[in-house]
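Peer 1: Below is a structure I'd like to ask you about.
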Amino acid sequence: MSDTPSARRSLTVVYNPVKVDDLVAAQELVAKAAARHGWEDPAWIETTEDETGEKQGREAVRAGSDVVASLGGDGTVRAVASALVGTDVALGLLPGGTGNLLARNLGLPVDSLEDAVEAMLGGTDRRIDVGLMRVADQPIQPRESHGTHDGGPQVDDDEEVFLVMAGLGLDGQVMAGTNEKVKAAVGWVAYVFSALRQVFSRGFRVDVASKGGSGVTGESGDHERDHDEPSGSVSRHARTVVVGNCGTLQGGIELMPEAKIDDGILDAVVVAPKGALGWISVLSDVVTRHRAGHGRLDRLRGRELTVTAGRPVEAEIDGDPIGEHVSLGIRILPDSLVVRVG
């Protein structure tokens with residue numbers, strides 16, 4: 001979807017104090033930029049361990065903010081965005097963590113707070129999709145939810161919003177096993193250290209089904225597949241399953257090259273290498289952006305996906321570990337979030 005010019009004027013910054021080294025300097029930088037662009041003096045709301053950004057985002061919406069900016073890690077971004085889904089209030093992205101994956105996928109500045117502020121205040125509005133996920137310890141379907149989430153009628157009580165990726169298996173284990181002190185010291189490289197500790201742990205049997213898209217894409221492998229269009233399914237012993245609203249990781253690695261953040265479709269990969277050589281082959285395929293597929297890497301596309309493991313497996317949502325679960329029910333909510341882009 002094309003960007004839409006707008007005259008935003010009122011800004012609230014929701015910030016995670018753990019991720020902001022010099023709050024006074026950040027406030028001065030944002031205030032000067034706001035004045036230069038003709039915006040009102042920004043309001044600032046701090047997150048807490050119990051209230052990580054969603055409640056603060058709702059407060060900002062009720063106060064009449066045109067833009068609610070997140071200054072923190074990916075978890076803060078997701079929490080603030082959850083409050084804005086289904087509204088016309090725009091999300092601003094200010095880098096404060098190690099990932100900044102949504103900003104990376106939108107081509108926004110991630111290394112300079114000053115550049116990010118300029119992009120936000122002088123930018124335009126863009127509508128993007130969000131993913132919705134619910135978890136269970138038994139097989140579920142994406143739309144078997146009831147009730148209305150505080151964020152709006154489009155999100156059910158038992159669904160969590162995600163902006164970038166969610167999944168289970170190795171990615172969940174890596175997130176759960178990453179040392180926060182190491183991450184603070186070396187950044188996203190801490191995830192590599194965690195992955196090296198987890199990469200040869202045992203896999204799990206999994207069934208992944210998609211509806212409302214092109215189904216399974218790529219090369220055929222040595223396992224069962226169902227090509228009933230417009231749906232598809234994969235059943236195999238895997239190491240990780242990742243479902244993405246967009247597909248770029250740190251370092252510019254495109255895990256899901258076909259993923260677009262505003263196409264109304266979710267992309268998924270099922271990774272099932274055997275041994276060290278299998279991992280090398282799969283990683284090489286990902287790094288070289290081999291869109292056709294790989295015998296140990298399946299790709300699916302759809303508006304709804306279900307992931308059902310044969311045993312409880314560590315899961316994650318936008319980089320936050322959420323414990324062990326058997327089943328994920330995931331669906332796309334198209335054009336439901338406004339984001340400020342440069």
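Chain labels run A, B, ... following the order of the structure tokens; each chain numbers its residues from 1, and ligands are numbered from 1 in the order shown.
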Can you pull out every residue from stretch 4-168 of chain A that DSSP, working from the backbone, puts in strand (DSSP E or B), and format the result as a PyMOL selection string?

Peer 2: chain A and resi 4+11-15+43-46+67-72+90-95+124-136+149+152+160-162+165-168

Peer 1: Give me the residues within 8 Å of stretch 319-329 of chain A as an MDAnalysis selection string, counting only C-alpha atoms and dropping any in the same chain fewer than 6 places off.

Peer 2: chainID A and resid 74:75 133:143 165:167 172:173 175:176 304:313

Peer 1: Just write the chosen residues, N, CA and C atoms, as a short mmCIF file (atom, residue, chain, number, x, y, z; two decimals), in the first residue's frame.

Peer 2:
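The resulting file, out.cif, is shown below:
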data_model
loop_
_atom_site.label_atom_id
_atom_site.label_comp_id
_atom_site.auth_asym_id
_atom_site.auth_seq_id
_atom_site.Cartn_x
_atom_site.Cartn_y
_atom_site.Cartn_z
N ASP A 74 11.92 -4.59 20.82
CA ASP A 74 10.82 -5.11 20.02
C ASP A 74 9.59 -5.43 20.86
N GLY A 75 9.81 -5.80 22.12
CA GLY A 75 8.67 -6.07 23.00
C GLY A 75 7.86 -4.82 23.28
N MET A 133 -2.03 -14.15 17.06
CA MET A 133 -1.70 -15.52 17.43
C MET A 133 -2.32 -15.89 18.76
N ARG A 134 -2.84 -17.10 18.82
CA ARG A 134 -3.26 -17.68 20.09
C ARG A 134 -2.55 -19.01 20.25
N VAL A 135 -2.35 -19.42 21.50
CA VAL A 135 -1.61 -20.65 21.78
C VAL A 135 -2.48 -21.59 22.61
N ALA A 136 -2.17 -22.87 22.53
CA ALA A 136 -2.91 -23.87 23.31
C ALA A 136 -2.05 -25.10 23.46
N ASP A 137 -2.47 -25.95 24.36
CA ASP A 137 -1.77 -27.22 24.57
C ASP A 137 -2.54 -28.38 23.98
N GLN A 138 -3.41 -28.06 23.02
CA GLN A 138 -4.11 -29.05 22.22
C GLN A 138 -4.38 -28.42 20.86
N PRO A 139 -4.69 -29.21 19.83
CA PRO A 139 -4.90 -28.64 18.49
C PRO A 139 -6.01 -27.59 18.49
N ILE A 140 -5.77 -26.48 17.76
CA ILE A 140 -6.74 -25.40 17.68
C ILE A 140 -6.84 -24.89 16.25
N GLN A 141 -7.84 -24.08 15.99
CA GLN A 141 -8.01 -23.37 14.73
C GLN A 141 -7.88 -21.88 15.00
N PRO A 142 -7.39 -21.10 14.02
CA PRO A 142 -7.12 -19.68 14.27
C PRO A 142 -8.32 -18.89 14.72
N ARG A 143 -9.53 -19.19 14.21
CA ARG A 143 -10.68 -18.35 14.51
C ARG A 143 -11.57 -18.93 15.60
N MET A 165 7.42 -11.62 13.41
CA MET A 165 7.42 -13.08 13.31
C MET A 165 7.02 -13.72 14.63
N ALA A 166 6.49 -14.93 14.51
CA ALA A 166 6.20 -15.76 15.67
C ALA A 166 6.47 -17.21 15.27
N GLY A 167 6.64 -18.07 16.26
CA GLY A 167 6.88 -19.46 15.91
C GLY A 167 7.22 -20.30 17.11
N GLY A 172 12.19 -20.20 19.40
CA GLY A 172 11.73 -20.00 20.76
C GLY A 172 12.80 -20.35 21.78
N GLN A 173 13.54 -21.44 21.53
CA GLN A 173 14.61 -21.84 22.43
C GLN A 173 15.72 -20.80 22.48
N MET A 175 15.44 -17.54 21.89
CA MET A 175 14.98 -16.36 22.63
C MET A 175 14.95 -16.63 24.13
N ALA A 176 14.49 -17.80 24.52
CA ALA A 176 14.41 -18.14 25.94
C ALA A 176 15.80 -18.31 26.55
N GLU A 304 -4.48 -17.72 7.03
CA GLU A 304 -4.58 -18.38 8.33
C GLU A 304 -3.64 -19.58 8.34
N LEU A 305 -3.00 -19.83 9.47
CA LEU A 305 -2.14 -20.99 9.62
C LEU A 305 -2.35 -21.62 10.98
N THR A 306 -2.25 -22.92 11.04
CA THR A 306 -2.20 -23.63 12.31
C THR A 306 -0.92 -24.45 12.36
N VAL A 307 -0.29 -24.42 13.53
CA VAL A 307 0.94 -25.17 13.77
C VAL A 307 0.68 -26.07 14.96
N THR A 308 0.80 -27.38 14.76
CA THR A 308 0.53 -28.33 15.83
C THR A 308 1.71 -29.28 16.00
N ALA A 309 2.36 -29.23 17.15
CA ALA A 309 3.52 -30.05 17.44
C ALA A 309 3.11 -31.33 18.16
N GLY A 310 3.97 -32.32 18.09
CA GLY A 310 3.69 -33.59 18.74
C GLY A 310 3.94 -33.58 20.24
N ARG A 311 4.57 -32.52 20.73
CA ARG A 311 4.85 -32.35 22.16
C ARG A 311 4.98 -30.87 22.44
N PRO A 312 4.91 -30.43 23.69
CA PRO A 312 5.11 -29.01 24.00
C PRO A 312 6.50 -28.54 23.58
N VAL A 313 6.54 -27.40 22.88
CA VAL A 313 7.78 -26.85 22.35
C VAL A 313 7.83 -25.36 22.69
#

Peer 1: Give me the residues within 12 Å of A:Leu84 as a ChimeraX atom specification, counting only C-alpha atoms and dropping any in the same chain fewer than 6 places off.

Peer 2: /A:53-62,65-70,77-78,90-92,127-128,130,150-152,154-155,161,336-339

Peer 1: Excluding A:Ile332 and residues on its chain fewer than 5 positions from it, collect all residues at most 7 Å away from it, counting only C-alpha atoms, and give them as a ChimeraX atom specification.

Peer 2: /A:129-132,264-266,303-304

Peer 1: Could you save those same residues with N, CA and C atoms as a compact mmCIF listing (two decimals), in the first residue's frame?

Peer 2:
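Writing done, so here's selection_37.txt:
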# COMPACT_ATOMS: atom_id res chain seq x y z
N ASP A 129 -0.18 -4.69 7.68
CA ASP A 129 -0.89 -5.81 8.31
C ASP A 129 -0.29 -6.09 9.68
N VAL A 130 -1.05 -6.77 10.52
CA VAL A 130 -0.49 -7.36 11.74
C VAL A 130 -0.92 -8.81 11.81
N GLY A 131 -0.13 -9.61 12.50
CA GLY A 131 -0.50 -11.00 12.75
C GLY A 131 -1.16 -11.13 14.11
N LEU A 132 -2.05 -12.10 14.23
CA LEU A 132 -2.72 -12.41 15.50
C LEU A 132 -2.46 -13.87 15.82
N GLY A 264 -1.59 -8.78 2.96
CA GLY A 264 -2.71 -9.56 3.49
C GLY A 264 -2.45 -11.04 3.58
N ILE A 265 -1.18 -11.44 3.54
CA ILE A 265 -0.80 -12.85 3.55
C ILE A 265 0.32 -13.07 4.56
N LEU A 266 0.26 -14.19 5.28
CA LEU A 266 1.35 -14.62 6.15
C LEU A 266 2.24 -15.60 5.41
N ARG A 303 -3.67 -16.84 4.61
CA ARG A 303 -4.23 -15.85 5.52
C ARG A 303 -4.40 -16.40 6.93
N GLU A 304 -4.48 -17.72 7.03
CA GLU A 304 -4.58 -18.38 8.33
C GLU A 304 -3.64 -19.58 8.34

Peer 1: Atom CA of A:Glu40 and atom CA of A:Arg9 are how many Å apart?

Peer 2: 6.0 Å

Peer 1: Within 12 Å of A:Ala34, counting only C-alpha atoms, which residues qualify if same-chain residues fewer than 2 places away don't, as a ChimeraX atom specification?

Peer 2: /A:8-13,27-32,36-43,67,114,117-122

Peer 1: Set the distance at 9 Å and use only C-alpha atoms: which residues neighbour A:Gly73 once local chain neighbours fewer than 3 positions away are removed? I'd like the list as a list in words.

Peer 2: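 The residues satisfying every condition are Asn16, Lys19, Ser70, Thr76, Val77, Arg78, Pro95, Gly96, Gly97, Thr98, Gly99 and Asn100 of chain A.
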
Peer 1: Please dump the current selection as a PDB file, in the first residue's frame; keep N, CA and C atoms.

Peer 2:
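The result, written out as out-v2.pdb:
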ATOM      1  N   ASN A  16      10.758   2.552  27.348  1.00  0.00           N
ATOM      2  CA  ASN A  16      11.218   1.563  28.320  1.00  0.00           C
ATOM      3  C   ASN A  16      12.478   2.117  28.982  1.00  0.00           C
ATOM      4  N   LYS A  19      15.913   0.571  28.426  1.00  0.00           N
ATOM      5  CA  LYS A  19      16.542   0.654  27.106  1.00  0.00           C
ATOM      6  C   LYS A  19      17.038   2.056  26.759  1.00  0.00           C
ATOM      7  N   SER A  70       7.130   4.339  20.056  1.00  0.00           N
ATOM      8  CA  SER A  70       7.738   3.362  20.955  1.00  0.00           C
ATOM      9  C   SER A  70       9.239   3.600  20.982  1.00  0.00           C
ATOM     10  N   THR A  76       8.536  -3.682  23.447  1.00  0.00           N
ATOM     11  CA  THR A  76       7.841  -2.414  23.652  1.00  0.00           C
ATOM     12  C   THR A  76       7.084  -2.013  22.399  1.00  0.00           C
ATOM     13  N   VAL A  77       7.694  -2.221  21.241  1.00  0.00           N
ATOM     14  CA  VAL A  77       7.024  -1.912  19.972  1.00  0.00           C
ATOM     15  C   VAL A  77       5.731  -2.710  19.854  1.00  0.00           C
ATOM     16  N   ARG A  78       5.809  -3.988  20.134  1.00  0.00           N
ATOM     17  CA  ARG A  78       4.617  -4.841  20.001  1.00  0.00           C
ATOM     18  C   ARG A  78       3.532  -4.421  20.979  1.00  0.00           C
ATOM     19  N   PRO A  95      14.450   3.701  17.782  1.00  0.00           N
ATOM     20  CA  PRO A  95      15.287   2.553  18.164  1.00  0.00           C
ATOM     21  C   PRO A  95      15.776   2.644  19.600  1.00  0.00           C
ATOM     22  N   GLY A  96      15.643   1.524  20.315  1.00  0.00           N
ATOM     23  CA  GLY A  96      16.129   1.481  21.682  1.00  0.00           C
ATOM     24  C   GLY A  96      16.613   0.109  22.088  1.00  0.00           C
ATOM     25  N   GLY A  97      16.345  -0.908  21.270  1.00  0.00           N
ATOM     26  CA  GLY A  97      16.737  -2.269  21.608  1.00  0.00           C
ATOM     27  C   GLY A  97      17.794  -2.794  20.656  1.00  0.00           C
ATOM     28  N   THR A  98      17.937  -4.129  20.632  1.00  0.00           N
ATOM     29  CA  THR A  98      18.962  -4.753  19.791  1.00  0.00           C
ATOM     30  C   THR A  98      18.413  -5.218  18.453  1.00  0.00           C
ATOM     31  N   GLY A  99      17.108  -5.469  18.380  1.00  0.00           N
ATOM     32  CA  GLY A  99      16.535  -6.015  17.164  1.00  0.00           C
ATOM     33  C   GLY A  99      16.017  -4.960  16.212  1.00  0.00           C
ATOM     34  N   ASN A 100      15.030  -4.181  16.675  1.00  0.00           N
ATOM     35  CA  ASN A 100      14.393  -3.166  15.833  1.00  0.00           C
ATOM     36  C   ASN A 100      13.927  -3.754  14.504  1.00  0.00           C
TER      37      ASN A 100
END

Peer 1: What is the atom CA of A:Ala26 to atom CA of A:Ala116 distance in Å?

Peer 2: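 These atoms are spaced 11.7 Å apart.
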
Peer 1: Could you state the separation of atom CA of A:Gly86 and atom CA of A:Glu258 in Å, given to one decimal place?

Peer 2: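 These atoms are spaced 25.4 Å apart.
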
Peer 1: Go through A:Glu51, A:Asn105, A:Ala315, A:Ala81 one by one, measure the shortest atom-to-atom distance of each to A:Gln250 using only C-alpha atoms, and give the residue with the smallest value.

Peer 2: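 The answer is A:Asn105, which sits nearest to A:Gln250.
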
Peer 1: Would you mind telling me which residue in A:Val269, A:Ala238, A:Leu300, A:Val80 lies nearest to A:Lys211 when using only C-alpha atoms?

Peer 2: A:Leu300
